[in-house]
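J.: My questions will all concern the structure given below.
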Amino acid sequence: MAVVPRRWEAVQCDADAAERLAAELRVAPIVARLLCQRGFSDPDAASRFLNPSLDQMHDPMQLTDMGRAVDRILSAIAGKERIAIHGDYDVDGVTSTVILRRTLELLGADVTHFIPERLKDGYGLQPASIERLHAGGVTLVVSVDCGIRGADAARRARELGVDLIVTDHHEPDAELPPAYAIINPKRFDCSYPDKHLAGVGVALKLVQAVCRRAGRESWLPGFIKVAAIGTLADVVPLVGENRVIAKLGLDLLSRGPHKVGLRSLLDVAGLTGKTIDSYHVGFMLAPRINAAGRMSTPDIATRLLLAGDEALATEARALAQQLDGENVRRQEEEAEILAAAKKVVTTDPEVGARTVLVVAGEGWHRGVIGIVASKLVDAFHRPAIVLSVEDGIAHGSCRSIPHFDLLAALERCASFFIRFGGHKQAAGLTMDAARVREFRSAINDVADEVLGPDDLMPRLRVDGDLGFRGITADVAAGVAALAPFGAGNPRPVFASRRVEIVDGPRKLKDRHLKMALRQDGRVFRAIAWRAAERHDHYTEHRAALDVAFSLEQNQFNGETYVELTLADAKPSEA
């Protein structure tokens with residue numbers, strides 16, 4: 001498949017503001033520039049960004065209904081009522097469940113948890129789940145990472161005399177469910193200053209409030225490292241409280257010590273003793289946790305992360321290895337479905353020639369269609385909806401591009417769905433399979449109204465030019481101080497012109513390219529991930545390339561060296 005060329009877009013910067021910031025904070029000019037480009041030209045704001053700390057966390061009582069929720073939880077603990085945490089089957093939902101259950105257990109609560117299974121129970125908070133928990137003697141249900149659109153479940157809870165506290169971060173409907181309390185910074189009547197918490201971030205605010213009321217605020221750091229895994233996996237903007245959670249959590253994950261469950265997960269992922277960063281979470285820890293909910297039952301991951309007693313070491317190791325195996329199976333299913341979906345896009349004009357790619361397959365594993373949708377977006381730079389058809393029902397996962405509000409588009413097609421929900425960039429739906437073709441036409445009519453050819457052009461954000469002579473250990477360390485990188489705080493990308501390949505390119509595992517680059521007498525090793533299909537392009541233009549890259553600090557034999565990770569390369573102009 002031909003690689004779609006990307007347009008390099010230089011990020012503008014107020015040079016005077018960057019110069020003032022560099023002087024004020026005594027940071028390298030390139031770091032000051034990057035801070036300004038990310039909206040931190042004010043010295044105090046920039047200093048807080050560079051030095052996140054627990055005291056930057058907002059008062060949890062600023063969240064609407066927080067006081068009411070804490071009172072009810074502490075009352076239930078005191079009264080020995082049975083409490084259930086209702087989670088969700090992704091990393092965000094599993095980590096939310098773990099930190100809230102652990103908190104309540106430490107406070108002496110009679111607490112259990114329930115996480116729906118993707119294929120058996122469906123998505124979100126359902127009346128049937130409330131009925132099951134009520135039958136088990138539960139009088140208080142606290143949802144995490146779900147429930148904001150669970151009006152039917154909330155009504156059923158009320159009918160059964162079960163108090164329901166909803167904690168969620170998804171977009172609410174115009175009317176909130178009739179729950180006992182609803183904690184969601186996106187509530188229209190909530191003035192909480194940080195609107196972009198992950199589900200586990202909202203759960204952490206509840207943990208923070210409960211711990212504060214119980215005089216146990218010293219427990220909070222122990223929960224932040226688990227919250228960091230969910231926050232990074234959920235791809236929320238890594239600014240504000242999310243940055244505090246992610247940065248401090250990664251430091252704690254790297255330092256240890258850990259309970260036996262988390263330790264077993266790190267070990268099976270090959271991360272024991274390593275300095276853990278956002279890449280390790282996103283591509284090594286999160287996929288293993290997610291694999292449980294995608295391929296079998298999310299309770300495997302939940303039980304593993306809840307395991308705290310050293311007597312459970314053998315069981316924890318077995319659970320971690322089971323997750324590892326499920327992740328391998330997930331990779332195999334994903335590769336097979338992705339190949340089939342790409343074939344449909346490239347051979348069926350009714351699908352591939354449209355703005356929104358709507359692809360359906362009989363019996364496609366519902367646990368991996370979300371990943372397949374993301375990879376279709378990466379490959380074709382179009383919104384993608386991947387549908388798994390089973391018994392006449394199509395279950396879909398949807399992913400979008402920056403300029404297309406997917407949830408708003410789905411709302412305009414609401415008559416097609418049995419149910420749907422999500423965010424601007426990611427959503428899920430269920431519909432009658434017989435209407436897929438009609439739906440494809442309708443969603444594309446919406447997209448064609450709001451998207452033009454320019455919106456479908458993949459772009460590469462370039463923070464500025466950086467010649468090889470300007471790449472030093474101090475510069476690389478200064479750039480690394482802005483980590484963790486992700487949504488809202490993208491990894492800095494620099495450009496160098498007229499660079500020569502002096503060694504390679506060589507294929508690595510048939511997927512990547514490895515090479516050495518030279519400019520102005522300086523040579524750096526470089527790697528281009530998932531770029532094996534561009535081997536001939538690099539070879540043909542090896543004498544003079546413009547390269548876009550990020551800086552990586554790697555260690556070998558106790559020495560730190562700088563390596564380049566290539567984001568793109570194009571022939572230098574004459």
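Residue numbering restarts at 1 for every chain of the structure tokens, chains are lettered A, B, ... in their displayed order, and ligands are numbered from 1 as they appear.
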Please provide as a PyMOL selection string all residues within 6 Å of range 76-89 of chain A, with the sequence filter that same-chain residues fewer than 3 positions apart are discarded (counting only C-alpha atoms).
T.: chain A and resi 73+93+97+109-115+138-144+293+298
J.: DSSP on the backbone: what in range 224-390 of chain A comes out strand (DSSP E or B), as a ChimeraX atom specification?
T.: /A:357-362,384-390
J.: If you count only C-alpha atoms, which residues fall within 8 Å of range 351-355 of chain A, apart from same-chain ones fewer than 5 positions away, as a list in words?
T.: Val344, Val345, Thr346, Arg382, Pro383, Asn444, Ala447 and Asp448 of chain A
J.: Dump C-alpha atoms for the selected residues as a tab-separated table (two decimals), in the first residue's frame?
T.:
```
chain	number	residue	atom	x	y	z
A	344	VAL	CA	-11.90	-4.27	1.80
A	345	VAL	CA	-10.81	-0.62	1.90
A	346	THR	CA	-8.40	-1.00	-1.04
A	382	ARG	CA	-9.76	8.89	7.65
A	383	PRO	CA	-12.29	8.25	10.42
A	444	ASN	CA	-20.54	9.93	5.13
A	447	ALA	CA	-18.66	13.87	7.21
A	448	ASP	CA	-18.79	15.37	3.73
```
J.: A:Ala318, A:Met457, A:Ala179, A:Leu248: which is nearest Leu54 in chain A, counting only C-alpha atoms?
T.: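 Distance minimum relative to Leu54 in chain A lands on A:Leu248.
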J.: List as a list in words the protein and nucleic acid residues near Ala157 in chain A, meaning an atom at most 10 Å away when only C-alpha atoms are counted, but skip any in the same chain fewer than 3 places from it.
T.: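 What passes the distance filter is Pro127, Ser129, Ile130, Glu131, Leu133, His134, Thr139, Leu140, Val141, Ala151, Asp152, Ala153, Ala154, Leu160, Gly161, Val162, Asp163, Leu164, Pro178, Ala179 and Tyr180 of chain A.
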J.: Using only C-alpha atoms, which of the listed residues (A:Pro402, A:Gly452, A:Pro172, A:Gly137) sits closest to Val377 in chain A?
T.: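 Checking each candidate against Val377 in chain A, we get A:Pro402 as the closest.
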J.: Kindly indicate which residue among A:Arg102, A:Glu24, A:Ile165, A:Asp121 lies nearest to Ala69 in chain A, using only C-alpha atoms for the distances.
T.: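 Result for the nearest residue to Ala69 in chain A: A:Ile165.
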J.: Could you check which of A:Trp219, A:Phe524, A:Tyr279, A:Tyr123 is closest to Ala483 in chain A, using only C-alpha atoms?
T.: A:Tyr279
J.: When DSSP works through the backbone of this structure, what residues of range 222-449 of chain A end up as alpha helix (DSSP H), shown as an NGL selection string?
T.: :A and (222-233 or 240-255 or 260-268 or 278-280 or 286-295 or 299-306 or 313-347 or 349-352 or 369-380 or 406-412 or 436-449)
J.: Rank nothing, just name the residue among A:Leu513, A:Val359, A:Leu107, A:Phe549 nearest to Arg213 in chain A, using only C-alpha atoms.
T.: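 That would be A:Leu107, the residue with the smallest distance to Arg213 in chain A.
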J.: For Leu338 in chain A, which residue among A:Lys375, A:Arg525, A:His365, A:Lys514 is the nearest when counting only C-alpha atoms?
T.: A:Lys375
J.: Just want the 8 Å neighbourhood of Gly392 in chain A, counted on only C-alpha atoms, with same-chain residues fewer than 4 positions away dropped. Output as a list in words.
T.: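 What passes the distance filter is Asp432, Ala433 and Ala434 of chain A.
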J.: Just want the 12 Å neighbourhood of Asp16 in chain A, counted on only C-alpha atoms, with same-chain residues fewer than 6 positions away dropped. Output as a VMD selection string.
T.: chain A and resid 22 to 23 29 32 to 33 36 41
J.: Just to confirm, what's the straight-line distance from CA of Val281 in chain A to CA of Glu333 in chain A in Å (one decimal)?
T.: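 Between CA of Val281 in chain A and CA of Glu333 in chain A the gap is 21.5 Å.
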J.: Write out as a PyMOL selection string the residues lying within 12 Å of Cys211 in chain A, counting only C-alpha atoms and excluding same-chain residues fewer than 5 positions away.
T.: chain A and resi 60+70+73-74+99-100+102-104+106-107+204-206+216-223
J.: What does the structure give for the distance between CA of Pro458 in chain A and CA of Pro5 in chain A, in Å to one decimal?
T.: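 CA of Pro458 in chain A sits 7.3 Å away from CA of Pro5 in chain A.
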J.: Figure out the distance between CA of Ala526 in chain A and CA of Tyr538 in chain A, please, to one decimal in Å.
T.: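 CA of Tyr538 in chain A sits 12.4 Å away from CA of Ala526 in chain A.
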J.: Would you mind listing, for every residue of range 241-350 of chain A within 12 Å of range 194-199 of chain A, the two atoms forming the shortest contact and the distance between them in Å to one decimal, using only C-alpha atoms, sorted by chain and ascending residue number, as a Markdown table?
T.:
```
| residue | atom | partner | partner_atom | distance |
| --- | --- | --- | --- | --- |
| A:Glu241 | CA | A:Asp194 | CA | 7.1 |
| A:Asn242 | CA | A:Leu197 | CA | 6.2 |
| A:Arg243 | CA | A:Leu197 | CA | 10.0 |
| A:Val244 | CA | A:Leu197 | CA | 11.2 |
| A:Ile245 | CA | A:Leu197 | CA | 9.9 |
| A:Ala246 | CA | A:Ala198 | CA | 11.0 |
```
